[in-house]
$ cat final-v1.cif   # mmCIF, C-alpha atoms
data_data
loop_
_atom_site.label_atom_id
_atom_site.label_comp_id
_atom_site.auth_asym_id
_atom_site.auth_seq_id
_atom_site.Cartn_x
_atom_site.Cartn_y
_atom_site.Cartn_z
CA MET A 1 18.56 -18.22 -1.33
CA ALA A 2 16.85 -20.72 -3.63
CA GLN A 3 13.72 -19.61 -5.45
CA ASN A 4 11.95 -22.84 -4.44
CA ASP A 5 12.51 -22.39 -0.68
CA THR A 6 9.37 -22.28 1.44
CA VAL A 7 7.64 -18.89 1.33
CA LYS A 8 5.30 -17.52 3.98
CA LEU A 9 3.71 -14.11 4.35
CA ILE A 10 2.48 -12.79 7.68
CA GLY A 11 -0.12 -10.13 7.05
CA SER A 12 -3.50 -8.74 8.03
CA TRP A 13 -6.46 -8.66 5.68
CA ALA A 14 -7.23 -4.99 6.39
CA SER A 15 -3.62 -3.83 6.26
CA PRO A 16 -2.99 -1.82 3.08
CA PHE A 17 0.71 -2.57 3.47
CA SER A 18 0.06 -6.32 3.40
CA ILE A 19 -1.73 -5.85 0.08
CA ARG A 20 1.51 -4.53 -1.42
CA ALA A 21 3.28 -7.79 -0.62
CA ARG A 22 0.41 -10.03 -1.71
CA ALA A 23 0.06 -8.25 -5.06
CA ALA A 24 3.81 -8.46 -5.66
CA LEU A 25 3.83 -12.20 -4.97
CA HIS A 26 0.87 -12.60 -7.33
CA LEU A 27 2.65 -10.68 -10.09
CA LYS A 28 5.63 -13.00 -9.76
CA SER A 29 3.44 -16.14 -9.57
CA VAL A 30 5.07 -17.13 -6.28
CA LYS A 31 3.35 -19.87 -4.27
CA TYR A 32 3.25 -19.05 -0.58
CA GLU A 33 1.45 -19.70 2.67
CA TYR A 34 -0.51 -16.71 3.93
CA LEU A 35 -0.71 -16.31 7.72
CA ASP A 36 -3.30 -13.73 8.70
CA GLU A 37 -3.07 -11.71 11.92
CA PRO A 38 -6.75 -10.74 12.24
CA ASP A 39 -6.34 -8.45 15.27
CA VAL A 40 -2.71 -7.43 14.93
CA LEU A 41 -3.11 -4.17 16.88
CA ARG A 42 -4.24 -6.03 20.02
CA SER A 43 -2.68 -9.46 19.66
CA LYS A 44 0.48 -10.52 17.82
CA SER A 45 1.51 -14.09 17.17
CA GLU A 46 4.79 -15.51 18.43
CA LEU A 47 5.88 -15.98 14.82
CA LEU A 48 5.32 -12.29 14.04
CA LEU A 49 7.24 -11.17 17.13
CA LYS A 50 10.06 -13.56 16.30
CA SER A 51 10.16 -12.58 12.63
CA ASN A 52 9.95 -8.81 13.15
CA PRO A 53 11.24 -8.15 16.70
CA ILE A 54 12.13 -4.50 15.98
CA PHE A 55 8.86 -3.05 14.63
CA LYS A 56 6.51 -5.95 15.44
CA LYS A 57 4.38 -5.09 12.40
CA VAL A 58 2.94 -6.81 9.35
CA PRO A 59 3.74 -7.64 6.66
CA VAL A 60 6.68 -9.98 7.06
CA LEU A 61 7.91 -12.20 4.24
CA ILE A 62 9.61 -15.43 5.34
CA HIS A 63 11.71 -16.98 2.58
CA GLY A 64 13.37 -20.13 3.79
CA ASP A 65 14.92 -19.13 7.11
CA VAL A 66 15.16 -15.41 6.27
CA SER A 67 12.62 -12.77 7.35
CA ILE A 68 12.11 -9.63 5.25
CA CYS A 69 10.25 -6.72 6.87
CA GLU A 70 8.64 -3.45 5.73
CA SER A 71 6.30 -3.56 2.74
CA LEU A 72 8.30 -1.60 0.15
CA ASN A 73 11.42 -3.51 1.11
CA ILE A 74 9.48 -6.75 0.68
CA VAL A 75 8.23 -5.73 -2.78
CA GLN A 76 11.76 -4.93 -3.92
CA TYR A 77 13.04 -8.22 -2.49
CA ILE A 78 10.34 -10.18 -4.31
CA ASP A 79 11.22 -8.45 -7.57
CA GLU A 80 14.89 -9.33 -7.18
CA ALA A 81 14.52 -12.83 -5.71
CA TRP A 82 12.16 -14.24 -8.36
CA SER A 83 12.79 -13.94 -12.08
CA SER A 84 9.31 -15.24 -12.91
CA GLY A 85 6.67 -12.79 -14.02
CA PRO A 86 7.13 -9.15 -15.04
CA SER A 87 9.65 -6.81 -13.44
CA ILE A 88 8.07 -4.71 -10.73
CA LEU A 89 10.70 -1.99 -10.49
CA PRO A 90 11.80 -0.10 -13.61
CA SER A 91 15.00 -1.35 -15.23
CA HIS A 92 16.54 2.11 -15.77
CA PRO A 93 18.44 3.42 -12.71
CA VAL A 94 16.90 6.90 -12.93
CA GLU A 95 13.37 5.53 -13.21
CA ARG A 96 14.04 3.16 -10.30
CA ALA A 97 15.28 6.05 -8.18
CA ASN A 98 12.24 8.17 -9.10
CA ALA A 99 9.87 5.32 -8.23
CA ARG A 100 11.50 4.92 -4.81
CA PHE A 101 11.36 8.69 -4.24
CA TRP A 102 7.61 8.90 -4.88
CA ALA A 103 7.00 5.79 -2.80
CA ILE A 104 8.70 7.55 0.12
CA PHE A 105 6.56 10.65 -0.59
CA ILE A 106 3.43 8.50 -0.35
CA ASP A 107 4.45 6.84 2.91
CA GLU A 108 5.77 9.95 4.62
CA LYS A 109 3.78 12.88 3.23
CA ILE A 110 0.41 11.48 2.24
CA PHE A 111 0.06 8.91 5.00
CA GLY A 112 1.32 11.57 7.39
CA SER A 113 -1.44 13.91 6.20
CA LEU A 114 -4.06 11.17 6.55
CA GLU A 115 -2.96 10.49 10.12
CA ALA A 116 -3.04 14.22 10.87
CA VAL A 117 -6.63 14.52 9.64
CA GLY A 118 -7.72 11.50 11.65
CA GLY A 119 -5.87 12.59 14.77
CA ALA A 120 -6.78 16.29 14.77
CA LYS A 121 -7.96 17.58 18.15
CA ASP A 122 -10.28 20.31 16.85
CA ASP A 123 -11.88 21.65 13.68
CA GLU A 124 -9.08 24.13 13.06
CA GLY A 125 -6.45 21.41 13.18
CA ARG A 126 -8.60 19.12 11.04
CA MET A 127 -9.07 21.78 8.37
CA ALA A 128 -5.34 22.52 8.27
CA ALA A 129 -4.52 18.81 7.96
CA ALA A 130 -7.19 18.34 5.27
CA GLY A 131 -5.71 21.22 3.28
CA LYS A 132 -2.27 19.65 3.48
CA LEU A 133 -3.66 16.29 2.38
CA MET A 134 -5.33 17.86 -0.66
CA GLU A 135 -2.08 19.66 -1.48
CA ASN A 136 -0.10 16.42 -1.32
CA LEU A 137 -2.67 14.56 -3.42
CA ALA A 138 -2.43 17.31 -6.06
CA ILE A 139 1.35 16.82 -6.11
CA LEU A 140 0.86 13.07 -6.54
CA GLU A 141 -1.65 13.72 -9.35
CA GLU A 142 0.99 15.73 -11.19
CA ALA A 143 3.54 12.95 -10.65
CA PHE A 144 1.06 10.40 -12.01
CA GLN A 145 0.39 12.44 -15.15
CA LYS A 146 4.12 12.69 -15.87
CA SER A 147 4.96 9.10 -14.97
CA SER A 148 2.05 7.36 -16.69
CA LYS A 149 2.49 9.26 -19.97
CA GLY A 150 -1.22 9.02 -20.66
CA LEU A 151 -1.41 5.29 -19.94
CA GLY A 152 -3.19 3.45 -17.13
CA PHE A 153 -0.55 3.04 -14.45
CA PHE A 154 2.34 4.94 -12.92
CA GLY A 155 4.73 2.75 -14.89
CA GLY A 156 2.77 3.06 -18.14
CA GLU A 157 0.80 0.11 -19.48
CA ASN A 158 1.68 -2.31 -16.68
CA ILE A 159 1.34 -2.24 -12.92
CA GLY A 160 4.62 -1.66 -11.11
CA PHE A 161 6.40 -0.61 -7.92
CA LEU A 162 4.87 2.83 -7.60
CA ASP A 163 1.39 1.47 -8.28
CA LEU A 164 1.81 -0.97 -5.40
CA ALA A 165 3.07 1.85 -3.19
CA CYS A 166 0.16 4.15 -4.07
CA GLY A 167 -2.41 1.37 -3.89
CA THR A 168 -2.20 1.39 -0.11
CA LEU A 169 -4.00 4.75 -0.10
CA SER A 170 -7.34 3.34 -1.25
CA GLY A 171 -8.54 2.06 2.10
CA PRO A 172 -7.26 4.86 4.36
CA VAL A 173 -8.62 7.58 2.04
CA SER A 174 -12.03 5.86 2.00
CA VAL A 175 -12.03 5.76 5.80
CA ILE A 176 -10.99 9.40 6.23
CA GLU A 177 -13.59 10.52 3.68
CA ALA A 178 -16.31 8.54 5.49
CA PHE A 179 -15.35 9.87 8.93
CA SER A 180 -14.77 13.50 7.91
CA GLY A 181 -17.48 13.90 5.28
CA VAL A 182 -14.89 15.50 2.97
CA LYS A 183 -14.13 14.18 -0.51
CA PHE A 184 -10.36 14.28 -1.02
CA LEU A 185 -10.16 12.57 -4.42
CA ARG A 186 -12.11 14.91 -6.70
CA GLN A 187 -12.61 14.88 -10.44
CA GLU A 188 -11.57 18.52 -10.74
CA THR A 189 -8.28 18.09 -8.86
CA THR A 190 -7.24 14.43 -9.14
CA PRO A 191 -8.90 12.98 -12.26
CA GLY A 192 -5.91 10.80 -13.11
CA LEU A 193 -5.71 9.26 -9.65
CA ILE A 194 -9.44 8.52 -9.66
CA GLN A 195 -9.20 6.61 -12.96
CA TRP A 196 -5.98 4.95 -11.85
CA ALA A 197 -7.57 3.76 -8.58
CA GLN A 198 -10.39 2.06 -10.48
CA LYS A 199 -7.94 0.23 -12.75
CA PHE A 200 -5.66 -0.68 -9.87
CA ARG A 201 -8.43 -2.17 -7.73
CA ALA A 202 -9.67 -4.21 -10.71
CA HIS A 203 -6.23 -5.60 -11.60
CA GLU A 204 -5.99 -9.39 -11.29
CA ALA A 205 -2.98 -9.11 -8.96
CA VAL A 206 -4.84 -6.77 -6.59
CA LYS A 207 -8.57 -7.58 -6.67
CA PRO A 208 -8.39 -10.87 -4.69
CA TYR A 209 -6.70 -9.14 -1.75
CA MET A 210 -8.17 -5.63 -1.73
CA PRO A 211 -11.15 -5.12 0.61
CA THR A 212 -13.93 -2.88 -0.65
CA PRO A 213 -14.13 0.72 0.62
CA GLU A 214 -17.16 -0.35 2.66
CA GLU A 215 -15.17 -3.15 4.30
CA PHE A 216 -12.35 -0.76 5.16
CA VAL A 217 -14.81 1.68 6.71
CA ALA A 218 -16.59 -1.05 8.68
CA PHE A 219 -13.25 -2.31 10.00
CA ALA A 220 -12.23 1.21 11.06
CA LYS A 221 -15.54 1.82 12.82
CA LYS A 222 -15.11 -1.40 14.78
CA LYS A 223 -11.48 -0.57 15.54
CA PHE A 224 -12.30 2.90 16.90
CA ASN A 225 -15.72 1.98 18.37
CA VAL A 226 -17.54 4.37 16.06
CA GLU A 227 -21.20 3.84 15.19
#
$ encode --input "final-v1.cif" --output "structure tokens"
Amino acid sequence: MAQNDTVKLIGSWASPFSIRARAALHLKSVKYEYLDEPDVLRSKSELLLKSNPIFKKVPVLIHGDVSICESLNIVQYIDEAWSSGPSILPSHPVERANARFWAIFIDEKIFGSLEAVGGAKDDEGRMAAAGKLMENLAILEEAFQKSSKGLGFFGGENIGFLDLACGTLSGPVSVIEAFSGVKFLRQETTPGLIQWAQKFRAHEAVKPYMPTPEEFVAFAKKKFNVE
């Protein structure tokens, strides 16, 4: 696959997973055509269905005549396919494995907890799910402190794979906090993640593509018909 083959990205502006791919392409200075699916939950384009017939989800990276699906898979592909720009994944095998492990933790444990809070049927279930979410965020805080070594990002001084994985939490956490009235990122329990989130959102590879918390909340209210 030639680096100068045509590149397209199918995404959705409010999809936190699409932001992973867009930030990775920005880091690598890859020129691409962005194809937005504005209402992907209700209407999917023929190109999306053709490019990702199994999951039918965004994002999808199209490089030449090859389609790459699933956001973390796309980020890793971008890192390996383009030598331009900084490396996104760590070079050391152990550090690469650790980054992938915590990315899986984020997608399975933390996103799972967020979905459980949002989908709880009653107050008891919501409180239990909220407690689990706080517990998982505390675990991620500890991982950040160890991984960042006192610097700004999970990978140290520079944004990397685990930062892109964790960055998807910004919007969903803002939405859950707004809907539940509970603050999950707190200075007393997750000070590192709070500072990290501010730096991540302001990073030049992220800021152009990251909606504000208010925009995420407004989108969610429209999506779920909430006033």
$ resolve_selection --input "final-v1.cif" --expression "the PyMOL selection byres ((chain A and resi 74) around 10)" --output "JSON, numbers by chain"
{"A": [18, 20, 21, 22, 24, 25, 59, 60, 61, 62, 67, 68, 69, 70, 71, 72, 73, 75, 76, 77, 78, 79, 80]}
$ closest_atom_pairs --input "final-v1.cif" --of "segment 53-115 of chain A" --to "segment 156-165 of chain A" --cutoff "7 Å" --atoms "only C-alpha atoms" --output "CSV"
residue,atom,partner,partner_atom,distance
A:Ile88,CA,A:Gly160,CA,4.6
A:Leu89,CA,A:Phe161,CA,5.2
A:Ala99,CA,A:Leu162,CA,5.6
A:Ala103,CA,A:Ala165,CA,5.6
$ closest_atom_pairs --input "final-v1.cif" --of "segment 157-226 of chain A" --to "segment 137-151 of chain A" --cutoff "7 Å" --atoms "only C-alpha atoms" --output "JSON lines"
{"residue": "A:Glu157", "atom": "CA", "partner": "A:Leu151", "partner_atom": "CA", "distance": 5.7}
{"residue": "A:Thr189", "atom": "CA", "partner": "A:Ala138", "partner_atom": "CA", "distance": 6.5}
{"residue": "A:Thr190", "atom": "CA", "partner": "A:Glu141", "partner_atom": "CA", "distance": 5.6}
{"residue": "A:Gly192", "atom": "CA", "partner": "A:Glu141", "partner_atom": "CA", "distance": 6.4}
{"residue": "A:Leu193", "atom": "CA", "partner": "A:Glu141", "partner_atom": "CA", "distance": 6.0}
$ resolve_selection --input "final-v1.cif" --expression "the PyMOL selection byres ((chain A and resi 48) around 9)" --output "list in words"
Ile10, Glu37, Lys44, Ser45, Glu46, Leu47, Leu49, Lys50, Ser51, Asn52, Pro53, Lys56, Lys57, Val58, Pro59 and Val60 of chain A
$ closest_residue --input "final-v1.cif" --among "A:Gly181, A:Lys221, A:Ser174, A:Phe101" --to "Met127 of chain A" --atoms "all atoms listed in the file"
A:Gly181
$ resolve_selection --input "final-v1.cif" --expression "the PyMOL selection byres ((chain A and resi 108-121) around 8)" --output "JSON, numbers by chain"
{"A": [104, 105, 106, 107, 122, 123, 125, 126, 127, 129, 130, 132, 133, 136, 137, 169, 172, 173, 176]}
$ atom_distance --input "final-v1.cif" --atom1 "atom CA of Ser12 of chain A" --atom2 "atom CA of Pro208 of chain A"
13.8 Å
$ closest_residue --input "final-v1.cif" --among "A:Val217, A:Val175, A:Val7, A:Met134" --to "Asp65 of chain A" --atoms "all atoms listed in the file"
A:Val7
$ atom_distance --input "final-v1.cif" --atom1 "atom CA of Ser29 of chain A" --atom2 "atom CA of Gly171 of chain A"
24.7 Å
$ closest_residue --input "final-v1.cif" --among "A:Lys31, A:Gly64, A:Lys183, A:Ala23" --to "Thr6 of chain A" --atoms "only C-alpha atoms"
A:Gly64
$ axis_aligned_box --input "final-v1.cif" --around "segment 59-63 of chain A" --padding-each-side "4 Å" --output "JSON"
{"center_x": 7.7, "center_y": -12.3, "center_z": 4.8, "size_x": 16.0, "size_y": 17.3, "size_z": 12.5}
$ residues_around --input "final-v1.cif" --residues "segment 201-207 of chain A" --least-positions-apart "2" --cutoff "6 Å" --atoms "only C-alpha atoms" --output "PyMOL selection string"
chain A and resi 23+26-27+198-199+209-210
$ atom_distance --input "final-v1.cif" --atom1 "atom CA of Trp82 of chain A" --atom2 "atom CA of Val30 of chain A"
7.9 Å
$ closest_residue --input "final-v1.cif" --among "A:Leu185, A:Ala218, A:Ile19, A:Lys28" --to "Phe200 of chain A" --atoms "all atoms listed in the file"
A:Ile19
$ closest_residue --input "final-v1.cif" --among "A:Pro86, A:Gly167, A:Gly152, A:Gly11" --to "Gln195 of chain A" --atoms "all atoms listed in the file"
A:Gly152
$ closest_residue --input "final-v1.cif" --among "A:Pro93, A:Gly85, A:Pro211, A:Gly131" --to "Val182 of chain A" --atoms "only C-alpha atoms"
A:Gly131
$ build_atoms --input "final-v1.cif" --residues "segment 140-151 of chain A" --atoms "all heavy atoms" --output "tab-separated table (two decimals), in the coordinates of the input"
chain	number	residue	atom	x	y	z
A	140	LEU	N	0.82	14.44	-6.05
A	140	LEU	CA	0.86	13.07	-6.54
A	140	LEU	C	0.14	12.95	-7.88
A	140	LEU	O	0.57	12.19	-8.76
A	140	LEU	CB	0.23	12.13	-5.52
A	140	LEU	CG	0.33	10.63	-5.83
A	140	LEU	CD1	1.79	10.19	-5.90
A	140	LEU	CD2	-0.41	9.82	-4.78
A	141	GLU	N	-0.94	13.70	-8.06
A	141	GLU	CA	-1.65	13.72	-9.35
A	141	GLU	C	-0.71	14.18	-10.46
A	141	GLU	O	-0.66	13.57	-11.54
A	141	GLU	CB	-2.86	14.65	-9.26
A	141	GLU	CG	-3.53	14.97	-10.59
A	141	GLU	CD	-4.34	13.84	-11.17
A	141	GLU	OE1	-4.68	12.90	-10.43
A	141	GLU	OE2	-4.66	13.89	-12.38
A	142	GLU	N	0.05	15.23	-10.20
A	142	GLU	CA	0.99	15.73	-11.19
A	142	GLU	C	2.06	14.69	-11.50
A	142	GLU	O	2.43	14.48	-12.66
A	142	GLU	CB	1.64	17.02	-10.69
A	142	GLU	CG	2.59	17.66	-11.69
A	142	GLU	CD	3.18	18.96	-11.19
A	142	GLU	OE1	2.78	19.44	-10.10
A	142	GLU	OE2	4.06	19.52	-11.89
A	143	ALA	N	2.54	14.01	-10.45
A	143	ALA	CA	3.54	12.95	-10.65
A	143	ALA	C	2.97	11.81	-11.48
A	143	ALA	O	3.66	11.25	-12.35
A	143	ALA	CB	4.03	12.44	-9.31
A	144	PHE	N	1.70	11.47	-11.24
A	144	PHE	CA	1.06	10.40	-12.01
A	144	PHE	C	0.96	10.78	-13.49
A	144	PHE	O	1.24	9.97	-14.37
A	144	PHE	CB	-0.33	10.10	-11.46
A	144	PHE	CG	-1.12	9.16	-12.34
A	144	PHE	CD1	-0.83	7.81	-12.36
A	144	PHE	CD2	-2.13	9.64	-13.16
A	144	PHE	CE1	-1.54	6.94	-13.19
A	144	PHE	CE2	-2.84	8.80	-13.99
A	144	PHE	CZ	-2.55	7.43	-14.00
A	145	GLN	N	0.54	12.00	-13.77
A	145	GLN	CA	0.39	12.44	-15.15
A	145	GLN	C	1.71	12.36	-15.90
A	145	GLN	O	1.76	11.93	-17.07
A	145	GLN	CB	-0.16	13.87	-15.19
A	145	GLN	CG	-1.56	14.04	-14.60
A	145	GLN	CD	-2.65	13.34	-15.40
A	145	GLN	OE1	-2.42	12.86	-16.51
A	145	GLN	NE2	-3.85	13.27	-14.84
A	146	LYS	N	2.80	12.72	-15.23
A	146	LYS	CA	4.12	12.69	-15.87
A	146	LYS	C	4.62	11.25	-16.02
A	146	LYS	O	5.17	10.88	-17.05
A	146	LYS	CB	5.12	13.50	-15.05
A	146	LYS	CG	4.88	15.01	-15.10
A	146	LYS	CD	5.92	15.75	-14.27
A	146	LYS	CE	5.69	17.25	-14.32
A	146	LYS	NZ	6.68	18.00	-13.50
A	147	SER	N	4.42	10.46	-14.98
A	147	SER	CA	4.96	9.10	-14.97
A	147	SER	C	4.20	8.16	-15.89
A	147	SER	O	4.79	7.33	-16.58
A	147	SER	CB	4.94	8.55	-13.54
A	147	SER	OG	5.42	7.23	-13.49
A	148	SER	N	2.87	8.29	-15.92
A	148	SER	CA	2.05	7.36	-16.69
A	148	SER	C	2.09	7.64	-18.19
A	148	SER	O	1.79	6.76	-18.99
A	148	SER	CB	0.59	7.43	-16.22
A	148	SER	OG	0.03	8.71	-16.49
A	149	LYS	N	2.40	8.87	-18.55
A	149	LYS	CA	2.49	9.26	-19.97
A	149	LYS	C	1.19	8.95	-20.72
A	149	LYS	O	1.19	8.48	-21.86
A	149	LYS	CB	3.68	8.58	-20.64
A	149	LYS	CG	5.01	8.94	-19.99
A	149	LYS	CD	6.17	8.17	-20.58
A	149	LYS	CE	7.47	8.51	-19.87
A	149	LYS	NZ	8.61	7.70	-20.36
A	150	GLY	N	0.07	9.21	-20.03
A	150	GLY	CA	-1.22	9.02	-20.66
A	150	GLY	C	-1.73	7.59	-20.65
A	150	GLY	O	-2.81	7.32	-21.18
A	151	LEU	N	-0.99	6.68	-20.01
A	151	LEU	CA	-1.41	5.29	-19.94
A	151	LEU	C	-2.04	5.01	-18.57
A	151	LEU	O	-2.23	5.90	-17.77
A	151	LEU	CB	-0.22	4.38	-20.23
A	151	LEU	CG	0.42	4.61	-21.61
A	151	LEU	CD1	1.68	3.79	-21.78
A	151	LEU	CD2	-0.58	4.26	-22.73
